[in-house]
Amino acid sequence: MMLADITRYFTDPFGRRKRSQKSVDGAGFEAEDRKYPFTISSWDDYHSYRPMLPPSMFASWIKYHEAHGGKLDVAHDIGAGSGTGAAFLSQVFAHTYVSDPGEANIAIARARLQPADKFTFLQAPAEVQWPGPSSVDMAVVCNALHWTEAPVVMANLAATLRPGGTLACCMQAFRVNFPQSRRLDALWLAATEAVMSRLHAEGALSDAILAGIRNCYAGYEGVAVPAAHFRDVRRWHVNVRSGDPTPYRFTRAGEFAENPRRVGEGETEEYLEDPGWRRQVDVSWLRGFLRTTTLPLADDTWTLPPWAELERVIEDEFGGQVTAEWPVYMLLATRR
């Protein structure tokens, strides 16, 4: 299935963003709270140097939701960041709850999301149950890389969802593929492996980042969906390379701890495509993308052999600009 063919309902709420003209030479941003690395004090770099959530993803989620009898009254964007997911949801839901552990995140979401009476905000992590029991028709989690208590989160989401409500999650991390060149695929992976190995050897990775690496390694395969609460579980592998057993990995195989596979019996795994997760990039943008990972990158990162060769190939063989594409893991389930 091609998710981009599903365009019902949604327009991009903030438009296709242009990249900032300034170079991201230092840290892209610093986390407000080290326990939650994407509690961001400034979102300008993030909005400039990150892949954008495509309308096709939200349209496919609504299609699943309505096929299971879900209503369009109340949604909840969990770990909402600056509110992009909530802005999509508000195009079809009468009211949207918005929660995030970061004070600055909630502040910018509150400023961006209008009209104000369509939203209710709370500064809290997903481990806090909110809003009340059986109050939400769709709960959405976009890129929750750092869940440390996934069973608690799943129990909270089940409690807040109404029967027939939908849980929808997506996860894309720092694996980037290049549809024009398998060599660039290999160079990007080699570069991120080298970066992560060096940071690991230096002891520069916080517990929260290590948890994020475990979660990213296999997408949401490491998250169990409790059969007592959910039915018709769909696990979508979007834009993954055929034959790649670890399509989301950006670290050396076996170097970091991995979550065990927790895909339940009877759950459906599907392989889909969505070019909505593509964008044209140059070397400067790719540097900016890595800078906005909250990883403590050294100034000599760009001199690492695989990174230097990646830049050379993009400049010399592709005229300085290539297409980047993100593999994305999606998880959908219906509340019993």
# chains A, B, ... in the order shown; residues from 1 in each chain; ligands from 1
$ select_by_dssp --residues "segment 83-183 of chain A" --states "strand (DSSP E or B)" --output "PyMOL selection string"
chain A and resi 95-100+119-123+136-142+161-171+177
$ write_last_selection --atoms "C-alpha atoms" --output "compact mmCIF listing (two decimals), in the first residue's frame"
# COMPACT_ATOMS: atom_id res chain seq x y z
CA HIS A 95 -11.30 18.90 20.77
CA THR A 96 -7.66 17.92 21.26
CA TYR A 97 -5.74 17.36 24.49
CA VAL A 98 -2.05 18.25 24.30
CA SER A 99 0.54 16.93 26.77
CA ASP A 100 4.33 16.98 26.98
CA PHE A 119 -7.25 22.54 22.90
CA THR A 120 -6.51 21.65 26.52
CA PHE A 121 -2.86 21.56 27.68
CA LEU A 122 -0.92 19.77 30.41
CA GLN A 123 2.80 19.65 31.16
CA VAL A 136 -10.50 10.06 24.36
CA ASP A 137 -11.36 8.68 20.91
CA MET A 138 -7.82 8.71 19.51
CA ALA A 139 -4.47 8.83 21.34
CA VAL A 140 -1.48 9.71 19.17
CA VAL A 141 2.22 9.35 19.99
CA CYS A 142 4.72 10.73 17.47
CA LEU A 161 -9.39 5.55 25.49
CA ARG A 162 -13.08 4.90 24.95
CA PRO A 163 -14.12 1.48 23.61
CA GLY A 164 -13.53 1.57 19.86
CA GLY A 165 -10.91 4.29 20.28
CA THR A 166 -7.56 4.17 18.50
CA LEU A 167 -3.95 4.20 19.66
CA ALA A 168 -1.67 5.40 16.84
CA CYS A 169 2.13 5.74 17.16
CA CYS A 170 4.99 6.49 14.83
CA MET A 171 8.74 6.37 15.36
CA ASN A 177 18.17 6.32 3.44
$ residues_around --residues "segment 320-330 of chain A" --least-positions-apart "3" --cutoff "9 Å" --atoms "only C-alpha atoms" --output "tab-separated table (two decimals) with N, CA, C and O atoms, in the first residue's frame"
chain	number	residue	atom	x	y	z
A	51	PRO	N	12.74	16.01	9.57
A	51	PRO	CA	11.70	15.61	8.63
A	51	PRO	C	10.33	16.05	9.15
A	51	PRO	O	10.11	16.15	10.36
A	168	ALA	N	-2.48	5.31	18.05
A	168	ALA	CA	-1.67	5.40	16.84
A	168	ALA	C	-0.31	6.00	17.20
A	168	ALA	O	-0.23	7.06	17.82
A	169	CYS	N	0.77	5.30	16.84
A	169	CYS	CA	2.13	5.74	17.16
A	169	CYS	C	3.00	5.69	15.91
A	169	CYS	O	2.80	4.85	15.03
A	170	CYS	N	3.96	6.59	15.86
A	170	CYS	CA	4.99	6.49	14.83
A	170	CYS	C	6.34	6.74	15.47
A	170	CYS	O	6.45	7.43	16.48
A	171	MET	N	7.38	6.17	14.87
A	171	MET	CA	8.74	6.37	15.36
A	171	MET	C	9.69	6.43	14.17
A	171	MET	O	9.78	5.49	13.38
A	172	GLN	N	10.36	7.56	14.01
A	172	GLN	CA	11.50	7.65	13.09
A	172	GLN	C	12.64	8.27	13.86
A	172	GLN	O	12.43	9.17	14.67
A	173	ALA	N	13.82	7.76	13.62
A	173	ALA	CA	14.96	8.23	14.42
A	173	ALA	C	16.04	8.78	13.51
A	173	ALA	O	15.78	9.66	12.70
A	174	PHE	N	17.25	8.26	13.59
A	174	PHE	CA	18.40	8.88	12.93
A	174	PHE	C	18.92	8.02	11.78
A	174	PHE	O	19.99	8.29	11.24
A	175	ARG	N	18.16	6.99	11.41
A	175	ARG	CA	18.48	6.25	10.21
A	175	ARG	C	17.92	7.03	9.02
A	175	ARG	O	16.74	7.40	9.00
A	176	VAL	N	18.75	7.30	8.05
A	176	VAL	CA	18.34	7.99	6.84
A	176	VAL	C	18.76	7.15	5.64
A	176	VAL	O	19.89	6.67	5.59
A	177	ASN	N	17.85	6.98	4.69
A	177	ASN	CA	18.17	6.32	3.44
A	177	ASN	C	18.11	7.32	2.30
A	177	ASN	O	17.49	8.38	2.42
A	178	PHE	N	18.74	6.96	1.20
A	178	PHE	CA	18.83	7.84	0.04
A	178	PHE	C	18.38	7.05	-1.18
A	178	PHE	O	19.14	6.23	-1.71
A	179	PRO	N	17.15	7.27	-1.65
A	179	PRO	CA	16.61	6.46	-2.75
A	179	PRO	C	17.46	6.48	-4.02
A	179	PRO	O	17.39	5.54	-4.82
A	180	GLN	N	18.27	7.52	-4.19
A	180	GLN	CA	19.09	7.61	-5.40
A	180	GLN	C	20.38	6.80	-5.32
A	180	GLN	O	21.05	6.61	-6.34
A	218	ALA	N	14.64	-1.30	16.95
A	218	ALA	CA	13.65	-2.10	16.23
A	218	ALA	C	12.28	-1.44	16.21
A	218	ALA	O	11.26	-2.11	16.11
A	219	GLY	N	12.26	-0.11	16.31
A	219	GLY	CA	10.98	0.57	16.32
A	219	GLY	C	10.13	0.15	17.51
A	219	GLY	O	10.67	-0.11	18.60
A	220	TYR	N	8.83	0.07	17.32
A	220	TYR	CA	7.94	-0.32	18.41
A	220	TYR	C	7.80	-1.84	18.56
A	220	TYR	O	6.93	-2.31	19.27
A	221	GLU	N	8.68	-2.61	17.90
A	221	GLU	CA	8.63	-4.06	18.09
A	221	GLU	C	8.89	-4.43	19.54
A	221	GLU	O	8.45	-5.47	20.01
A	234	ARG	N	-2.02	-3.41	14.37
A	234	ARG	CA	-1.30	-3.32	13.10
A	234	ARG	C	0.08	-2.71	13.35
A	234	ARG	O	0.20	-1.67	13.99
A	235	ARG	N	1.09	-3.34	12.83
A	235	ARG	CA	2.46	-2.82	12.91
A	235	ARG	C	2.94	-2.58	11.49
A	235	ARG	O	3.11	-3.52	10.72
A	236	TRP	N	3.13	-1.32	11.16
A	236	TRP	CA	3.48	-0.92	9.81
A	236	TRP	C	4.94	-0.54	9.73
A	236	TRP	O	5.42	0.33	10.47
A	237	HIS	N	5.65	-1.18	8.81
A	237	HIS	CA	7.03	-0.82	8.50
A	237	HIS	C	7.00	0.02	7.22
A	237	HIS	O	6.70	-0.49	6.14
A	238	VAL	N	7.29	1.29	7.36
A	238	VAL	CA	7.15	2.23	6.24
A	238	VAL	C	8.53	2.61	5.71
A	238	VAL	O	9.42	3.01	6.47
A	239	ASN	N	8.71	2.44	4.40
A	239	ASN	CA	9.95	2.86	3.71
A	239	ASN	C	11.18	2.09	4.16
A	239	ASN	O	12.29	2.63	4.13
A	240	VAL	N	11.03	0.85	4.59
A	240	VAL	CA	12.21	0.08	4.98
A	240	VAL	C	12.83	-0.59	3.75
A	240	VAL	O	12.15	-0.85	2.76
A	241	ARG	N	14.12	-0.85	3.82
A	241	ARG	CA	14.82	-1.50	2.73
A	241	ARG	C	14.55	-3.00	2.74
A	241	ARG	O	14.70	-3.66	3.79
A	247	PRO	N	16.15	-2.36	9.96
A	247	PRO	CA	16.01	-1.18	9.09
A	247	PRO	C	16.00	0.16	9.81
A	247	PRO	O	16.09	1.20	9.17
A	248	TYR	N	15.89	0.15	11.17
A	248	TYR	CA	15.86	1.41	11.93
A	248	TYR	C	17.17	1.67	12.68
A	248	TYR	O	17.34	2.71	13.29
A	275	PRO	N	6.16	8.27	0.28
A	275	PRO	CA	7.15	9.30	-0.09
A	275	PRO	C	6.94	10.62	0.64
A	275	PRO	O	7.76	11.54	0.50
A	276	GLY	N	5.88	10.73	1.45
A	276	GLY	CA	5.72	11.91	2.29
A	276	GLY	C	6.84	12.07	3.29
A	276	GLY	O	7.05	13.16	3.83
A	277	TRP	N	7.59	10.98	3.55
A	277	TRP	CA	8.72	11.03	4.47
A	277	TRP	C	10.02	11.29	3.73
A	277	TRP	O	11.10	10.88	4.16
A	278	ARG	N	9.95	11.98	2.60
A	278	ARG	CA	11.15	12.36	1.85
A	278	ARG	C	11.29	13.88	1.84
A	278	ARG	O	10.33	14.62	1.96
A	279	ARG	N	12.53	14.32	1.66
A	279	ARG	CA	12.78	15.73	1.38
A	279	ARG	C	14.13	15.88	0.71
A	279	ARG	O	15.00	15.01	0.85
A	280	GLN	N	14.29	16.96	-0.04
A	280	GLN	CA	15.57	17.26	-0.68
A	280	GLN	C	16.50	17.89	0.36
A	280	GLN	O	16.10	18.80	1.10
A	281	VAL	N	17.73	17.40	0.39
A	281	VAL	CA	18.69	17.86	1.40
A	281	VAL	C	20.04	18.11	0.76
A	281	VAL	O	20.36	17.57	-0.31
A	282	ASP	N	20.84	18.92	1.43
A	282	ASP	CA	22.24	19.09	1.06
A	282	ASP	C	23.10	18.76	2.28
A	282	ASP	O	22.59	18.38	3.34
A	283	VAL	N	24.39	18.90	2.14
A	283	VAL	CA	25.31	18.55	3.22
A	283	VAL	C	25.04	19.39	4.46
A	283	VAL	O	25.05	18.89	5.59
A	311	GLU	N	29.87	13.33	2.28
A	311	GLU	CA	29.81	14.70	1.77
A	311	GLU	C	30.42	14.79	0.37
A	311	GLU	O	29.89	15.48	-0.51
A	312	ARG	N	31.52	14.08	0.15
A	312	ARG	CA	32.16	14.12	-1.17
A	312	ARG	C	31.23	13.59	-2.25
A	312	ARG	O	31.08	14.18	-3.33
A	313	VAL	N	30.58	12.44	-1.96
A	313	VAL	CA	29.69	11.83	-2.95
A	313	VAL	C	28.52	12.76	-3.27
A	313	VAL	O	28.15	12.95	-4.43
A	314	ILE	N	27.92	13.36	-2.23
A	314	ILE	CA	26.78	14.26	-2.46
A	314	ILE	C	27.22	15.46	-3.31
A	314	ILE	O	26.53	15.86	-4.25
A	315	GLU	N	28.38	16.02	-2.99
A	315	GLU	CA	28.85	17.20	-3.73
A	315	GLU	C	29.30	16.85	-5.15
A	315	GLU	O	28.90	17.51	-6.12
A	316	ASP	N	30.13	15.81	-5.29
A	316	ASP	CA	30.77	15.53	-6.58
A	316	ASP	C	29.89	14.73	-7.52
A	316	ASP	O	29.95	14.92	-8.75
A	317	GLU	N	29.07	13.81	-6.97
A	317	GLU	CA	28.31	12.91	-7.84
A	317	GLU	C	26.84	13.28	-7.97
A	317	GLU	O	26.18	12.82	-8.90
$ atom_distance --atom1 "atom CA of Ala190 of chain A" --atom2 "atom CA of Ala308 of chain A"
11.1 Å
$ closest_atom_pairs --of "segment 210-265 of chain A" --to "segment 65-75 of chain A" --cutoff "12 Å" --atoms "only C-alpha atoms" --output "JSON lines"
{"residue": "A:Phe230", "atom": "CA", "partner": "A:His68", "partner_atom": "CA", "distance": 12.0}
{"residue": "A:Arg231", "atom": "CA", "partner": "A:His68", "partner_atom": "CA", "distance": 10.2}
{"residue": "A:Asp232", "atom": "CA", "partner": "A:His68", "partner_atom": "CA", "distance": 9.1}
{"residue": "A:Val233", "atom": "CA", "partner": "A:His68", "partner_atom": "CA", "distance": 11.6}
{"residue": "A:Arg234", "atom": "CA", "partner": "A:His65", "partner_atom": "CA", "distance": 11.8}
$ residues_around --residues "Met196 of chain A" --least-positions-apart "6" --cutoff "9 Å" --atoms "only C-alpha atoms" --output "PDB file with N, CA, C and O atoms, in the first residue's frame"
ATOM      1  N   LEU A 205      26.826   9.404  26.720  1.00  0.00           N
ATOM      2  CA  LEU A 205      25.408   9.171  26.462  1.00  0.00           C
ATOM      3  C   LEU A 205      24.655   8.990  27.778  1.00  0.00           C
ATOM      4  O   LEU A 205      24.979   8.128  28.585  1.00  0.00           O
ATOM      5  N   PHE A 250      20.858   2.648  13.764  1.00  0.00           N
ATOM      6  CA  PHE A 250      21.871   3.625  13.363  1.00  0.00           C
ATOM      7  C   PHE A 250      23.131   3.482  14.211  1.00  0.00           C
ATOM      8  O   PHE A 250      23.991   4.360  14.215  1.00  0.00           O
ATOM      9  N   THR A 251      23.248   2.346  14.933  1.00  0.00           N
ATOM     10  CA  THR A 251      24.431   2.035  15.736  1.00  0.00           C
ATOM     11  C   THR A 251      24.990   0.699  15.272  1.00  0.00           C
ATOM     12  O   THR A 251      24.313  -0.058  14.566  1.00  0.00           O
ATOM     13  N   ARG A 252      26.209   0.390  15.685  1.00  0.00           N
ATOM     14  CA  ARG A 252      26.801  -0.895  15.291  1.00  0.00           C
ATOM     15  C   ARG A 252      26.021  -2.044  15.904  1.00  0.00           C
ATOM     16  O   ARG A 252      25.653  -2.011  17.085  1.00  0.00           O
ATOM     17  N   LEU A 295      22.462  14.797  20.744  1.00  0.00           N
ATOM     18  CA  LEU A 295      23.724  14.099  20.974  1.00  0.00           C
ATOM     19  C   LEU A 295      24.849  15.117  21.114  1.00  0.00           C
ATOM     20  O   LEU A 295      24.895  16.108  20.380  1.00  0.00           O
TER      21      LEU A 295
END
$ select_by_dssp --residues "segment 116-267 of chain A" --states "alpha helix (DSSP H)" --output "number ranges by chain"
A: 150-160, 182-201, 207-217
$ residues_around --residues "Phe289 of chain A" --least-positions-apart "4" --cutoff "10 Å" --atoms "only C-alpha atoms" --output "compact mmCIF listing (two decimals) with all heavy atoms, in the first residue's frame"
# COMPACT_ATOMS: atom_id res chain seq x y z
N VAL A 24 23.91 25.50 11.56
CA VAL A 24 23.88 24.98 12.92
C VAL A 24 25.29 24.46 13.24
O VAL A 24 25.62 23.31 12.98
CB VAL A 24 22.84 23.85 13.06
CG1 VAL A 24 22.74 23.40 14.51
CG2 VAL A 24 21.49 24.32 12.58
N GLY A 28 22.39 21.76 18.24
CA GLY A 28 21.15 22.21 17.64
C GLY A 28 20.20 22.75 18.70
O GLY A 28 19.50 23.73 18.48
N ASP A 45 15.69 25.53 15.34
CA ASP A 45 16.53 24.58 14.61
C ASP A 45 15.79 23.28 14.33
O ASP A 45 15.95 22.68 13.26
CB ASP A 45 17.80 24.29 15.41
CG ASP A 45 18.74 25.49 15.47
OD1 ASP A 45 18.63 26.36 14.59
OD2 ASP A 45 19.55 25.55 16.40
N TYR A 46 14.99 22.84 15.29
CA TYR A 46 14.24 21.60 15.09
C TYR A 46 13.32 21.71 13.89
O TYR A 46 13.25 20.81 13.05
CB TYR A 46 13.43 21.28 16.36
CG TYR A 46 12.81 19.91 16.36
CD1 TYR A 46 13.44 18.85 16.98
CD2 TYR A 46 11.58 19.67 15.75
CE1 TYR A 46 12.87 17.59 17.01
CE2 TYR A 46 11.00 18.41 15.77
CZ TYR A 46 11.65 17.37 16.39
OH TYR A 46 11.08 16.13 16.39
N SER A 48 13.65 23.60 11.37
CA SER A 48 14.42 23.77 10.14
C SER A 48 15.07 22.48 9.67
O SER A 48 15.23 22.26 8.46
CB SER A 48 15.50 24.84 10.34
OG SER A 48 14.94 26.11 10.53
N TYR A 49 15.49 21.64 10.61
CA TYR A 49 16.37 20.53 10.27
C TYR A 49 15.81 19.16 10.65
O TYR A 49 16.58 18.25 10.95
CB TYR A 49 17.73 20.73 10.94
CG TYR A 49 18.50 21.91 10.39
CD1 TYR A 49 18.50 23.13 11.06
CD2 TYR A 49 19.21 21.81 9.21
CE1 TYR A 49 19.21 24.22 10.56
CE2 TYR A 49 19.92 22.88 8.70
CZ TYR A 49 19.91 24.09 9.38
OH TYR A 49 20.60 25.15 8.88
N ARG A 50 14.52 19.00 10.62
CA ARG A 50 13.93 17.69 10.90
C ARG A 50 12.96 17.31 9.80
O ARG A 50 12.40 18.19 9.13
CB ARG A 50 13.19 17.70 12.24
CG ARG A 50 14.03 18.11 13.41
CD ARG A 50 15.09 17.10 13.74
NE ARG A 50 14.53 15.91 14.36
CZ ARG A 50 15.24 14.90 14.85
NH1 ARG A 50 16.55 14.95 14.79
NH2 ARG A 50 14.68 13.87 15.40
N PRO A 51 12.74 16.01 9.57
CA PRO A 51 11.70 15.61 8.63
C PRO A 51 10.33 16.05 9.15
O PRO A 51 10.11 16.15 10.36
CB PRO A 51 11.82 14.08 8.60
CG PRO A 51 12.47 13.72 9.90
CD PRO A 51 13.40 14.86 10.22
N PHE A 174 17.25 8.26 13.59
CA PHE A 174 18.40 8.88 12.93
C PHE A 174 18.92 8.02 11.78
O PHE A 174 19.99 8.29 11.24
CB PHE A 174 19.49 9.17 13.94
CG PHE A 174 18.96 9.90 15.15
CD1 PHE A 174 19.29 9.49 16.43
CD2 PHE A 174 18.09 10.96 15.00
CE1 PHE A 174 18.78 10.15 17.53
CE2 PHE A 174 17.57 11.62 16.10
CZ PHE A 174 17.92 11.22 17.38
N VAL A 281 17.73 17.40 0.39
CA VAL A 281 18.69 17.86 1.40
C VAL A 281 20.04 18.11 0.76
O VAL A 281 20.36 17.57 -0.31
CB VAL A 281 18.84 16.84 2.55
CG1 VAL A 281 17.50 16.56 3.21
CG2 VAL A 281 19.46 15.54 2.03
N VAL A 283 24.39 18.90 2.14
CA VAL A 283 25.31 18.55 3.22
C VAL A 283 25.04 19.39 4.46
O VAL A 283 25.05 18.89 5.59
CB VAL A 283 26.76 18.69 2.74
CG1 VAL A 283 27.73 18.66 3.91
CG2 VAL A 283 27.11 17.59 1.73
N SER A 284 24.81 20.68 4.26
CA SER A 284 24.55 21.56 5.41
C SER A 284 23.32 21.11 6.17
O SER A 284 23.30 21.11 7.41
CB SER A 284 24.39 23.01 4.92
OG SER A 284 24.06 23.86 5.99
N TRP A 285 22.27 20.71 5.44
CA TRP A 285 21.05 20.26 6.11
C TRP A 285 21.32 18.98 6.90
O TRP A 285 20.85 18.83 8.03
CB TRP A 285 19.93 20.04 5.11
CG TRP A 285 18.60 19.85 5.78
CD1 TRP A 285 17.68 20.80 6.05
CD2 TRP A 285 18.07 18.61 6.30
NE1 TRP A 285 16.59 20.25 6.70
CE2 TRP A 285 16.82 18.91 6.87
CE3 TRP A 285 18.53 17.30 6.34
CZ2 TRP A 285 16.02 17.94 7.47
CZ3 TRP A 285 17.75 16.33 6.94
CH2 TRP A 285 16.50 16.65 7.50
N THR A 293 19.84 16.30 17.35
CA THR A 293 19.52 15.00 17.94
C THR A 293 19.69 14.99 19.46
O THR A 293 19.42 13.98 20.09
CB THR A 293 20.44 13.91 17.36
OG1 THR A 293 21.80 14.26 17.65
CG2 THR A 293 20.25 13.76 15.86
